[in-house]
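Trainee: Please find one structure pasted underneath; my questions will follow.
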Amino acid sequence: MDWQAWHTEYDDPESGLSRRLEAVQAQVRAALDRAPAGPVPAVSLCAGQGRDLIDVLEDHPRRGDVQARLVELDPELSAFARERASGLDQVEVVTGDASSTDQYVGLVPAELVLLCGIFGNITSADIQRTIAASPQFCRTGATVIWTRHRGEPDLVPTICDWFEARGFEQVWVSDPQAGFGVGAHRFTGVPEPLVTGQSLFSFVPGGT
């Protein structure tokens with residue numbers, strides 16, 4: 001996959017990717033709006049250019065409370081995110097393997113966890129493994145925002161079930177006719193200790 005070319009769709013406001021971004025950002029804003037007073041730790045796995053979170057923080061009233069770590073393997077994409085986050089000193093962009101739990105030491109359990117651009121590129125077993133590990137990333141009340149295409153097989157309903165089984169309640173899921181899948185789930189359980197040294201997923205050539 002040419003991820004640089006993939007991201008050029010963001011420049012077309014009518015593209016499906018741009019519309020999906022708008023949905024994700026709306027859920028990020030809502031999650032920050034309902035976050036409790038005090039510090040708001042956030043992590044973004046496979047953050048790409050960082051638009052999901054960085055663009056929201058530019059004008060959100062809670063921007064000063066957010067301490068974020070964005071992890072992206074592609075050095076050009078992470079460099080773009082780092083430049084985009086200029087002026088947001090509380091946003092750290094890491095060039096590294098986002099599937100490794102070691103990347104999140106010191107910032108989890110978080111209030112906001114972004115799993116965008118992942119579930120359409122890994123196996124269903126890895127999706128389930130990542131969801132099963134999500135209580136290690138979340139403090140009670142945290143929001144997880146995720147994406148997945150609605151093509152066959154449409155795993156969005158199953159993904160919702162997997163989150164529910166791990167102590168998450170559904171906040172919002174995009175309409176099936178939207179042409180993309182975006183979901184937000186709130187963690188109602190008890191955080192689990194982060195198990196370091198884990199690799200949660202591997203991207204599959206051509207996606208799933």
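In the structure tokens, chains take the letters A, B, ... in the order shown, each chain's residues start at 1, and ligands count up from 1 in the order shown.
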Would you pick out the contacts of Arg148 of chain A at 10 Å or less, using only C-alpha atoms, so that residues sharing its chain but fewer than 4 positions from it are not included, and give the list as a list of chain:residue names?
Mentor: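 So, after excluding close chain neighbours, the residues are A:Leu115, A:Cys116, A:Gly117, A:Ile118, A:Phe119, A:Gly120, A:Asn121, A:Asp154, A:Leu155, A:Val156, A:Ile159, A:Phe180, A:Gly181, A:Val182, A:Gly183, A:Thr208.
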Trainee: Go ahead and write the selection's residues with C-alpha atoms as a compact mmCIF listing (two decimals), in the first residue's frame.
Mentor:
```txt
# COMPACT_ATOMS: atom_id res chain seq x y z
CA LEU A 115 -7.84 3.08 16.54
CA CYS A 116 -8.45 4.66 13.15
CA GLY A 117 -7.21 3.21 9.88
CA ILE A 118 -6.36 -0.12 11.50
CA PHE A 119 -9.30 -2.53 11.45
CA GLY A 120 -9.59 -2.53 7.65
CA ASN A 121 -5.97 -3.58 7.26
CA ASP A 154 -19.06 -6.19 7.13
CA LEU A 155 -17.47 -6.71 10.53
CA VAL A 156 -18.82 -3.51 12.09
CA ILE A 159 -16.68 -5.31 16.27
CA PHE A 180 -17.62 4.05 5.84
CA GLY A 181 -17.65 2.72 9.37
CA VAL A 182 -16.79 4.88 12.39
CA GLY A 183 -17.56 3.85 15.94
CA THR A 208 -9.14 -7.16 4.58
```
Trainee: If we count only C-alpha atoms and set the cut-off at 10 Å, which residues sit around Phe80 of chain A, ignoring sequence neighbours fewer than 3 positions away in its own chain? Please answer as a VMD selection string.
Mentor: chain A and resid 48 to 51 75 to 77 83 to 85 93
Trainee: Export N, CA, C and O atoms of the chosen residues as a PDB file, in the first residue's frame?
Mentor:
```pdb
ATOM      1  N   GLY A  48      -1.026   8.038  11.285  1.00  0.00           N
ATOM      2  CA  GLY A  48      -0.931   8.648   9.960  1.00  0.00           C
ATOM      3  C   GLY A  48      -0.461  10.087  10.054  1.00  0.00           C
ATOM      4  O   GLY A  48       0.542  10.393  10.716  1.00  0.00           O
ATOM      5  N   GLN A  49      -1.176  10.993   9.417  1.00  0.00           N
ATOM      6  CA  GLN A  49      -0.824  12.419   9.437  1.00  0.00           C
ATOM      7  C   GLN A  49      -1.335  13.134  10.680  1.00  0.00           C
ATOM      8  O   GLN A  49      -1.128  14.336  10.827  1.00  0.00           O
ATOM      9  N   GLY A  50      -2.006  12.416  11.550  1.00  0.00           N
ATOM     10  CA  GLY A  50      -2.418  12.991  12.824  1.00  0.00           C
ATOM     11  C   GLY A  50      -3.645  13.875  12.773  1.00  0.00           C
ATOM     12  O   GLY A  50      -4.001  14.507  13.774  1.00  0.00           O
ATOM     13  N   ARG A  51      -4.333  13.910  11.634  1.00  0.00           N
ATOM     14  CA  ARG A  51      -5.447  14.843  11.474  1.00  0.00           C
ATOM     15  C   ARG A  51      -6.605  14.549  12.429  1.00  0.00           C
ATOM     16  O   ARG A  51      -7.334  15.468  12.819  1.00  0.00           O
ATOM     17  N   PRO A  75       7.816   7.168   8.298  1.00  0.00           N
ATOM     18  CA  PRO A  75       8.508   8.393   8.733  1.00  0.00           C
ATOM     19  C   PRO A  75       8.010   9.659   8.045  1.00  0.00           C
ATOM     20  O   PRO A  75       8.016  10.733   8.647  1.00  0.00           O
ATOM     21  N   GLU A  76       7.547   9.554   6.794  1.00  0.00           N
ATOM     22  CA  GLU A  76       7.033  10.742   6.116  1.00  0.00           C
ATOM     23  C   GLU A  76       5.694  11.170   6.710  1.00  0.00           C
ATOM     24  O   GLU A  76       5.436  12.371   6.894  1.00  0.00           O
ATOM     25  N   LEU A  77       4.860  10.196   7.025  1.00  0.00           N
ATOM     26  CA  LEU A  77       3.579  10.528   7.633  1.00  0.00           C
ATOM     27  C   LEU A  77       3.767  11.098   9.033  1.00  0.00           C
ATOM     28  O   LEU A  77       3.099  12.070   9.420  1.00  0.00           O
ATOM     29  N   GLU A  83       4.859  18.202  12.081  1.00  0.00           N
ATOM     30  CA  GLU A  83       4.772  19.579  11.597  1.00  0.00           C
ATOM     31  C   GLU A  83       3.371  20.140  11.845  1.00  0.00           C
ATOM     32  O   GLU A  83       3.227  21.305  12.232  1.00  0.00           O
ATOM     33  N   ARG A  84       2.361  19.317  11.653  1.00  0.00           N
ATOM     34  CA  ARG A  84       0.982  19.766  11.851  1.00  0.00           C
ATOM     35  C   ARG A  84       0.717  20.094  13.321  1.00  0.00           C
ATOM     36  O   ARG A  84      -0.118  20.933  13.637  1.00  0.00           O
ATOM     37  N   ALA A  85       1.439  19.410  14.205  1.00  0.00           N
ATOM     38  CA  ALA A  85       1.273  19.618  15.644  1.00  0.00           C
ATOM     39  C   ALA A  85       2.141  20.752  16.173  1.00  0.00           C
ATOM     40  O   ALA A  85       2.180  20.984  17.386  1.00  0.00           O
ATOM     41  N   VAL A  93       4.702  13.080  18.760  1.00  0.00           N
ATOM     42  CA  VAL A  93       4.571  12.188  17.607  1.00  0.00           C
ATOM     43  C   VAL A  93       5.777  11.263  17.584  1.00  0.00           C
ATOM     44  O   VAL A  93       6.923  11.712  17.531  1.00  0.00           O
TER      45      VAL A  93
END
```
Trainee: Going by DSSP on the backbone, which residues of chain A come out as strand (DSSP E)? List them as a count of residues only.
Mentor: 48
Trainee: Mind running segment 84-133 of chain A against segment 164-172 of chain A at 10 Å and telling me each contacting residue's nearest atom pair with the distance in Å (one decimal), counting only C-alpha atoms, chain and number ascending, as JSON lines?
Mentor:
```
{"residue": "A:Ile131", "atom": "CA", "partner": "A:Arg166", "partner_atom": "CA", "distance": 7.5}
{"residue": "A:Ala132", "atom": "CA", "partner": "A:Arg166", "partner_atom": "CA", "distance": 6.3}
{"residue": "A:Ala133", "atom": "CA", "partner": "A:Arg166", "partner_atom": "CA", "distance": 8.8}
```
Trainee: Could you pull the residues within 10 Å of Thr95 of chain A, counting only C-alpha atoms, minus those fewer than 4 positions along the same chain, as a VMD selection string?
Mentor: chain A and resid 46 to 47 70 to 79 82 103
Trainee: Could you state the separation of atom CA of Val24 of chain A and atom CA of Gly179 of chain A in Å, given to one decimal place?
Mentor: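 So the two atoms, atom CA of Val24 of chain A and atom CA of Gly179 of chain A, lie 13.7 Å apart.
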Trainee: When distances are computed from only C-alpha atoms, which of A:Leu194, A:Leu88, A:Ile145, A:Leu17 shows the smallest separation from Arg29 of chain A?
Mentor: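 Ranking A:Leu194, A:Leu88, A:Ile145, A:Leu17 by distance to Arg29 of chain A, first place goes to A:Ile145.
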Trainee: Could you check which of A:Thr158, A:Ser44, A:Gln198, A:Thr188 is closest to Ser124 of chain A, using only C-alpha atoms?
Mentor: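 Closest to Ser124 of chain A of all the choices is A:Thr158.
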Trainee: Which residue, A:Gln25, A:Thr143, A:Thr196, A:Ser202, has the smallest gap to Asp97 of chain A when you use only C-alpha atoms?
Mentor: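 Distance minimum relative to Asp97 of chain A lands on A:Ser202.
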Trainee: Rounded to one decimal in Å, what is the spacing between atom CA of Asp126 of chain A and atom CA of Ala35 of chain A?
Mentor: 28.7 Å
Trainee: Can you pull out every residue from chain A that DSSP, working from the backbone, puts in helix (DSSP H, G or I), and format the result as a PyMOL selection string?
Mentor: chain A and resi 3-11+16-34+51-57+63-65+75-84+101-104+124-136+156-165+176-178
Trainee: Counting only C-alpha atoms, figure out which residue out of A:Glu111, A:Asp102, A:Asp175, A:Glu152 gets nearest to Val195 of chain A.
Mentor: A:Asp102
Trainee: Looking at only C-alpha atoms, which of A:Ala178, A:Pro135, A:Asp33, A:Ile127 is the one that sits closest to Gly151 of chain A?
Mentor: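 Selected residue with least distance to Gly151 of chain A: A:Ala178.
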Trainee: For each of A:Pro61, A:Pro36, A:Leu45, A:Gln128, take the minimum atom-to-atom distance to Gly96 of chain A, counting only C-alpha atoms, then give the residue where this is smallest.
Mentor: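 Using only C-alpha atoms, the shortest distance to Gly96 of chain A belongs to A:Leu45.
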